[in-house]
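Data first, discussion second: the structure below is written as structure tokens.
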Amino acid sequence: MDRAVVITSFGTSVPEARISITAVEEALEGAALGCRCLRAFTSPTIRKVLAGRGEVVPSLTEALKELQRDGVRQVVVQPTHLLYGIEYDKLKAEAEALAGGFASLLVGRPLLAHTGDIRRSALELSRSHPAKKGEAIVYMGHGTEHFANAAYPALQTALRLAGREDIYIGTVEGWPGLLDILRQLGENGPCRVKLLPLMLVAGDHARNDMAGEWKGALEQAGHKVDCSFIGLGTFSWVQEMYKERLLDVLCPDPAAKEDGRPPVR
């Protein structure tokens with residue numbers, strides 16, 4: 001097979017959270033137009049943990065070198081990352097370091113790549129949780145020091161412009177943070193809070209930071225809190241957005257998407 005897609009995720013060591021990655025991988029495989037599909041995880045720590053359990057998941061470099069050995073000429077690396085952040089930059093640099101071994105090597109976009117992606121995601125998040133009196137929705141994202149972190153407050157703004165004053169976006173390692181969420185919620189007094197991960201995978205951060213520090217701080221402030229451990233990857237609209245990213249790279253010609261023809265290079 002002359003073409004391949006490497007579906008590349010940060011990874012997770014939480015078995016029950018893996019369903020989110022698997023759901024996106026299956027959606028991308030279905031949209032890959034007959035290309036060979038490989039999985040890669042970028043986190044060395046997660047790969048080491050999984051190897052200790054008997055599961056070997058290649059790094060991106062290992063997956064690309066396997067494709068080189070097999071004589072594959074055209075490769076698309078499709079990340080399951082949410083942002084153009086530090087991890088995306090590292091992934092892209094890793095891919096480009098091996099680009100010379102292929103006739104074509106392209107890297108797809110993350111989930112929140114453009115303004116339209118943010119507006120669309122705000123609409124879908126709003127639809128997922130209709131407004132209820134006395135209830136607030138708090139989404140916890142990862143966050144980053146990278147300037148791409150601006151996607152989080154942009155998503156918050158899109159929700160506000162859509163009339164959703166009850167949905168809040170916070171991050172573990174970026175801005176807005178937990179204190180920003182507590183301050184905003186405190187303006188309206190105690191309420192019921194649904195606390196959800198704004199992450200592809202509801203893994204370690206969801207089970208430790210969200211269900212630990214965040215839930216505890218919200219309860220200490222007088223709120224009644226329910227946590228959800230459903231990663232974004234399980235939602236059909238998220239899977240559809242990733243499929244669109246892959247097809248944008250595989251088939252820049254819209255007509256090719258319709259009849260399954262290989263892209264013209």
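Every chain in the structure tokens has a letter given in the order shown (A, B, ...), and although residue numbers restart at 1 in each chain, ligands are simply numbered from 1 in the order shown.
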Between range 10-124 of chain A and range 141-164 of chain A, at 12 Å or less, what are the per-residue closest atom pairs and their distances in Å? Count only C-alpha atoms, order by chain and rising residue number, and return it as CSV.
residue,atom,partner,partner_atom,distance
A:His81,CA,A:His142,CA,11.1
A:Leu82,CA,A:Ala151,CA,9.5
A:Leu83,CA,A:Ala148,CA,6.4
A:Tyr84,CA,A:Ala148,CA,5.7
A:Gly85,CA,A:Ala148,CA,5.5
A:Ile86,CA,A:His146,CA,6.1
A:Glu87,CA,A:Thr144,CA,9.4
A:Tyr88,CA,A:Ala148,CA,10.2
A:Asp89,CA,A:His146,CA,9.9
A:Pro110,CA,A:Ala148,CA,11.1
A:Leu111,CA,A:Ala151,CA,10.6
A:Leu112,CA,A:Ala151,CA,7.1
A:Ala113,CA,A:Ala151,CA,8.7
A:His114,CA,A:Ala151,CA,9.0
A:Thr115,CA,A:Ala154,CA,8.5
A:Gly116,CA,A:Ala158,CA,10.3
A:Asp117,CA,A:Leu155,CA,9.4
A:Ile118,CA,A:Leu155,CA,5.6
A:Arg119,CA,A:Ala158,CA,5.9
A:Arg120,CA,A:Ala158,CA,9.1
A:Ser121,CA,A:Leu155,CA,7.7
A:Ala122,CA,A:Leu159,CA,5.5
A:Leu123,CA,A:Leu159,CA,7.4
A:Glu124,CA,A:Leu159,CA,10.1
Taking the DSSP secondary structure from the backbone, can you list the residues of range 97-223 of chain A that are alpha helix (DSSP H), as a PyMOL selection string?
chain A and resi 115-128+151-161+178-186+204-205+215-220
Next, dump the selected residues to file, keeping only C-alpha atoms, as a PDB file, in the first residue's frame.
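Result file again_9.pdb:
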ATOM      1  CA  THR A 115     -12.305  30.584  14.632  1.00  0.00           C
ATOM      2  CA  GLY A 116     -14.984  28.476  12.956  1.00  0.00           C
ATOM      3  CA  ASP A 117     -13.875  25.438  14.971  1.00  0.00           C
ATOM      4  CA  ILE A 118     -14.275  27.382  18.203  1.00  0.00           C
ATOM      5  CA  ARG A 119     -17.734  28.651  17.265  1.00  0.00           C
ATOM      6  CA  ARG A 120     -18.833  25.192  16.164  1.00  0.00           C
ATOM      7  CA  SER A 121     -17.524  23.608  19.373  1.00  0.00           C
ATOM      8  CA  ALA A 122     -19.270  26.233  21.499  1.00  0.00           C
ATOM      9  CA  LEU A 123     -22.547  25.430  19.746  1.00  0.00           C
ATOM     10  CA  GLU A 124     -22.108  21.686  20.282  1.00  0.00           C
ATOM     11  CA  LEU A 125     -21.150  22.083  23.943  1.00  0.00           C
ATOM     12  CA  SER A 126     -24.195  24.281  24.441  1.00  0.00           C
ATOM     13  CA  ARG A 127     -26.470  21.738  22.763  1.00  0.00           C
ATOM     14  CA  SER A 128     -25.080  18.965  24.954  1.00  0.00           C
ATOM     15  CA  ALA A 151      -8.507  29.073  22.306  1.00  0.00           C
ATOM     16  CA  TYR A 152      -9.924  28.492  25.798  1.00  0.00           C
ATOM     17  CA  PRO A 153     -11.005  32.067  26.574  1.00  0.00           C
ATOM     18  CA  ALA A 154     -12.126  32.355  22.936  1.00  0.00           C
ATOM     19  CA  LEU A 155     -14.387  29.359  23.491  1.00  0.00           C
ATOM     20  CA  GLN A 156     -15.721  31.016  26.646  1.00  0.00           C
ATOM     21  CA  THR A 157     -16.445  34.185  24.674  1.00  0.00           C
ATOM     22  CA  ALA A 158     -18.227  32.216  21.941  1.00  0.00           C
ATOM     23  CA  LEU A 159     -20.468  30.646  24.580  1.00  0.00           C
ATOM     24  CA  ARG A 160     -21.256  34.042  26.100  1.00  0.00           C
ATOM     25  CA  LEU A 161     -22.108  35.497  22.698  1.00  0.00           C
ATOM     26  CA  LEU A 178      -9.610  27.357  38.913  1.00  0.00           C
ATOM     27  CA  LEU A 179      -9.530  30.645  40.833  1.00  0.00           C
ATOM     28  CA  ASP A 180     -11.094  32.427  37.857  1.00  0.00           C
ATOM     29  CA  ILE A 181     -13.910  29.868  37.798  1.00  0.00           C
ATOM     30  CA  LEU A 182     -14.499  30.170  41.552  1.00  0.00           C
ATOM     31  CA  ARG A 183     -14.648  33.958  41.324  1.00  0.00           C
ATOM     32  CA  GLN A 184     -17.183  33.918  38.497  1.00  0.00           C
ATOM     33  CA  LEU A 185     -19.394  31.314  40.130  1.00  0.00           C
ATOM     34  CA  GLY A 186     -19.234  33.178  43.439  1.00  0.00           C
ATOM     35  CA  ASP A 204      -5.297  11.267  34.874  1.00  0.00           C
ATOM     36  CA  HIS A 205      -6.170  14.978  34.888  1.00  0.00           C
ATOM     37  CA  LYS A 215     -14.305  19.352  42.932  1.00  0.00           C
ATOM     38  CA  GLY A 216     -13.025  19.954  46.463  1.00  0.00           C
ATOM     39  CA  ALA A 217     -12.577  23.697  45.935  1.00  0.00           C
ATOM     40  CA  LEU A 218     -16.028  24.065  44.390  1.00  0.00           C
ATOM     41  CA  GLU A 219     -17.660  22.149  47.235  1.00  0.00           C
ATOM     42  CA  GLN A 220     -15.759  24.195  49.800  1.00  0.00           C
TER      43      GLN A 220
END
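Of the listed residues (A:Leu60, A:Phe229, A:Glu165, A:Thr234), A:Thr234 comes nearest to Ile21 in chain A; the distances count only C-alpha atoms.
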Residues near Lys92 in chain A, anyone? I mean within 12 Å using only C-alpha atoms, not counting same-chain ones fewer than 6 positions away, as a ChimeraX atom specification.
/A:8,42,60-61,76-79,81,84-86,98-99,105-110
Point out the residue among A:Ala23, A:Leu246, A:Leu91, A:Leu232 with the least atom-to-atom distance to Val201 in chain A, counting only C-alpha atoms.
A:Leu232
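The smallest atom-to-atom distance between Ala103 in chain A and any of A:Val57, A:Glu26, A:Lys133, A:Gln68, using only C-alpha atoms, is found for A:Gln68.
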Looking only at strand (DSSP E) from DSSP on the backbone, list the matching residues of range 89-240 of chain A as a ChimeraX atom specification.
/A:104-107,135-141,167-171,192-197,224-227
Take the residues from that selection and write them out as a PDB file, in the first residue's frame, keeping N, CA and C atoms.
ATOM      1  N   SER A 104       5.810  12.306   0.093  1.00  0.00           N
ATOM      2  CA  SER A 104       4.935  13.321   0.679  1.00  0.00           C
ATOM      3  C   SER A 104       4.647  12.952   2.123  1.00  0.00           C
ATOM      4  N   LEU A 105       4.819  13.926   3.024  1.00  0.00           N
ATOM      5  CA  LEU A 105       4.450  13.745   4.425  1.00  0.00           C
ATOM      6  C   LEU A 105       3.767  15.024   4.892  1.00  0.00           C
ATOM      7  N   LEU A 106       2.489  14.912   5.260  1.00  0.00           N
ATOM      8  CA  LEU A 106       1.701  16.065   5.676  1.00  0.00           C
ATOM      9  C   LEU A 106       1.163  15.850   7.082  1.00  0.00           C
ATOM     10  N   VAL A 107       1.011  16.938   7.830  1.00  0.00           N
ATOM     11  CA  VAL A 107       0.491  16.877   9.192  1.00  0.00           C
ATOM     12  C   VAL A 107      -0.854  17.599   9.229  1.00  0.00           C
ATOM     13  N   GLU A 135     -28.234  25.832  37.805  1.00  0.00           N
ATOM     14  CA  GLU A 135     -27.171  24.890  37.459  1.00  0.00           C
ATOM     15  C   GLU A 135     -26.117  25.570  36.592  1.00  0.00           C
ATOM     16  N   ALA A 136     -24.860  25.256  36.849  1.00  0.00           N
ATOM     17  CA  ALA A 136     -23.753  25.757  36.040  1.00  0.00           C
ATOM     18  C   ALA A 136     -22.971  24.576  35.475  1.00  0.00           C
ATOM     19  N   ILE A 137     -22.417  24.776  34.286  1.00  0.00           N
ATOM     20  CA  ILE A 137     -21.571  23.779  33.644  1.00  0.00           C
ATOM     21  C   ILE A 137     -20.145  24.296  33.653  1.00  0.00           C
ATOM     22  N   VAL A 138     -19.233  23.527  34.202  1.00  0.00           N
ATOM     23  CA  VAL A 138     -17.821  23.913  34.229  1.00  0.00           C
ATOM     24  C   VAL A 138     -17.014  22.877  33.454  1.00  0.00           C
ATOM     25  N   TYR A 139     -16.352  23.316  32.391  1.00  0.00           N
ATOM     26  CA  TYR A 139     -15.466  22.457  31.609  1.00  0.00           C
ATOM     27  C   TYR A 139     -14.024  22.721  32.017  1.00  0.00           C
ATOM     28  N   MET A 140     -13.292  21.647  32.298  1.00  0.00           N
ATOM     29  CA  MET A 140     -11.878  21.771  32.657  1.00  0.00           C
ATOM     30  C   MET A 140     -11.002  21.267  31.515  1.00  0.00           C
ATOM     31  N   GLY A 141     -10.236  22.189  30.910  1.00  0.00           N
ATOM     32  CA  GLY A 141      -9.281  21.821  29.879  1.00  0.00           C
ATOM     33  C   GLY A 141      -7.891  21.679  30.465  1.00  0.00           C
ATOM     34  N   ILE A 167     -22.208  28.506  31.327  1.00  0.00           N
ATOM     35  CA  ILE A 167     -21.137  27.566  30.990  1.00  0.00           C
ATOM     36  C   ILE A 167     -19.792  28.272  31.141  1.00  0.00           C
ATOM     37  N   TYR A 168     -18.887  27.628  31.867  1.00  0.00           N
ATOM     38  CA  TYR A 168     -17.584  28.214  32.180  1.00  0.00           C
ATOM     39  C   TYR A 168     -16.465  27.305  31.669  1.00  0.00           C
ATOM     40  N   ILE A 169     -15.415  27.921  31.139  1.00  0.00           N
ATOM     41  CA  ILE A 169     -14.257  27.193  30.624  1.00  0.00           C
ATOM     42  C   ILE A 169     -13.044  27.528  31.488  1.00  0.00           C
ATOM     43  N   GLY A 170     -12.418  26.501  32.063  1.00  0.00           N
ATOM     44  CA  GLY A 170     -11.202  26.695  32.850  1.00  0.00           C
ATOM     45  C   GLY A 170     -10.130  25.709  32.418  1.00  0.00           C
ATOM     46  N   THR A 171      -8.922  25.896  32.928  1.00  0.00           N
ATOM     47  CA  THR A 171      -7.811  25.006  32.570  1.00  0.00           C
ATOM     48  C   THR A 171      -6.986  24.660  33.807  1.00  0.00           C
ATOM     49  N   ARG A 192     -25.778  24.248  41.742  1.00  0.00           N
ATOM     50  CA  ARG A 192     -25.392  22.909  41.307  1.00  0.00           C
ATOM     51  C   ARG A 192     -24.395  23.063  40.161  1.00  0.00           C
ATOM     52  N   VAL A 193     -23.316  22.295  40.208  1.00  0.00           N
ATOM     53  CA  VAL A 193     -22.273  22.390  39.191  1.00  0.00           C
ATOM     54  C   VAL A 193     -22.038  21.023  38.563  1.00  0.00           C
ATOM     55  N   LYS A 194     -22.096  20.996  37.228  1.00  0.00           N
ATOM     56  CA  LYS A 194     -21.658  19.825  36.491  1.00  0.00           C
ATOM     57  C   LYS A 194     -20.224  20.086  36.053  1.00  0.00           C
ATOM     58  N   LEU A 195     -19.313  19.248  36.503  1.00  0.00           N
ATOM     59  CA  LEU A 195     -17.897  19.414  36.216  1.00  0.00           C
ATOM     60  C   LEU A 195     -17.487  18.367  35.184  1.00  0.00           C
ATOM     61  N   LEU A 196     -17.000  18.847  34.021  1.00  0.00           N
ATOM     62  CA  LEU A 196     -16.718  17.945  32.904  1.00  0.00           C
ATOM     63  C   LEU A 196     -15.342  18.214  32.305  1.00  0.00           C
ATOM     64  N   PRO A 197     -14.699  17.176  31.736  1.00  0.00           N
ATOM     65  CA  PRO A 197     -13.394  17.382  31.097  1.00  0.00           C
ATOM     66  C   PRO A 197     -13.530  17.966  29.696  1.00  0.00           C
ATOM     67  N   LYS A 224     -22.770  22.351  44.970  1.00  0.00           N
ATOM     68  CA  LYS A 224     -22.998  20.915  44.904  1.00  0.00           C
ATOM     69  C   LYS A 224     -22.485  20.437  43.554  1.00  0.00           C
ATOM     70  N   VAL A 225     -21.544  19.486  43.580  1.00  0.00           N
ATOM     71  CA  VAL A 225     -20.793  19.162  42.363  1.00  0.00           C
ATOM     72  C   VAL A 225     -20.982  17.707  41.947  1.00  0.00           C
ATOM     73  N   ASP A 226     -21.232  17.528  40.641  1.00  0.00           N
ATOM     74  CA  ASP A 226     -21.243  16.202  40.023  1.00  0.00           C
ATOM     75  C   ASP A 226     -20.177  16.179  38.938  1.00  0.00           C
ATOM     76  N   CYS A 227     -19.340  15.130  38.932  1.00  0.00           N
ATOM     77  CA  CYS A 227     -18.279  15.003  37.936  1.00  0.00           C
ATOM     78  C   CYS A 227     -18.667  14.008  36.846  1.00  0.00           C
TER      79      CYS A 227
END
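Between CA of Ile46 in chain A and CA of Ala206 in chain A there is a distance of 15.9 Å.
Of note, CA of Val24 in chain A and CA of Gln239 in chain A are spaced 5.4 Å apart.
For the atom pair formed by CA of Ala63 in chain A and CA of Ser20 in chain A, the distance is 21.0 Å, given to one decimal.
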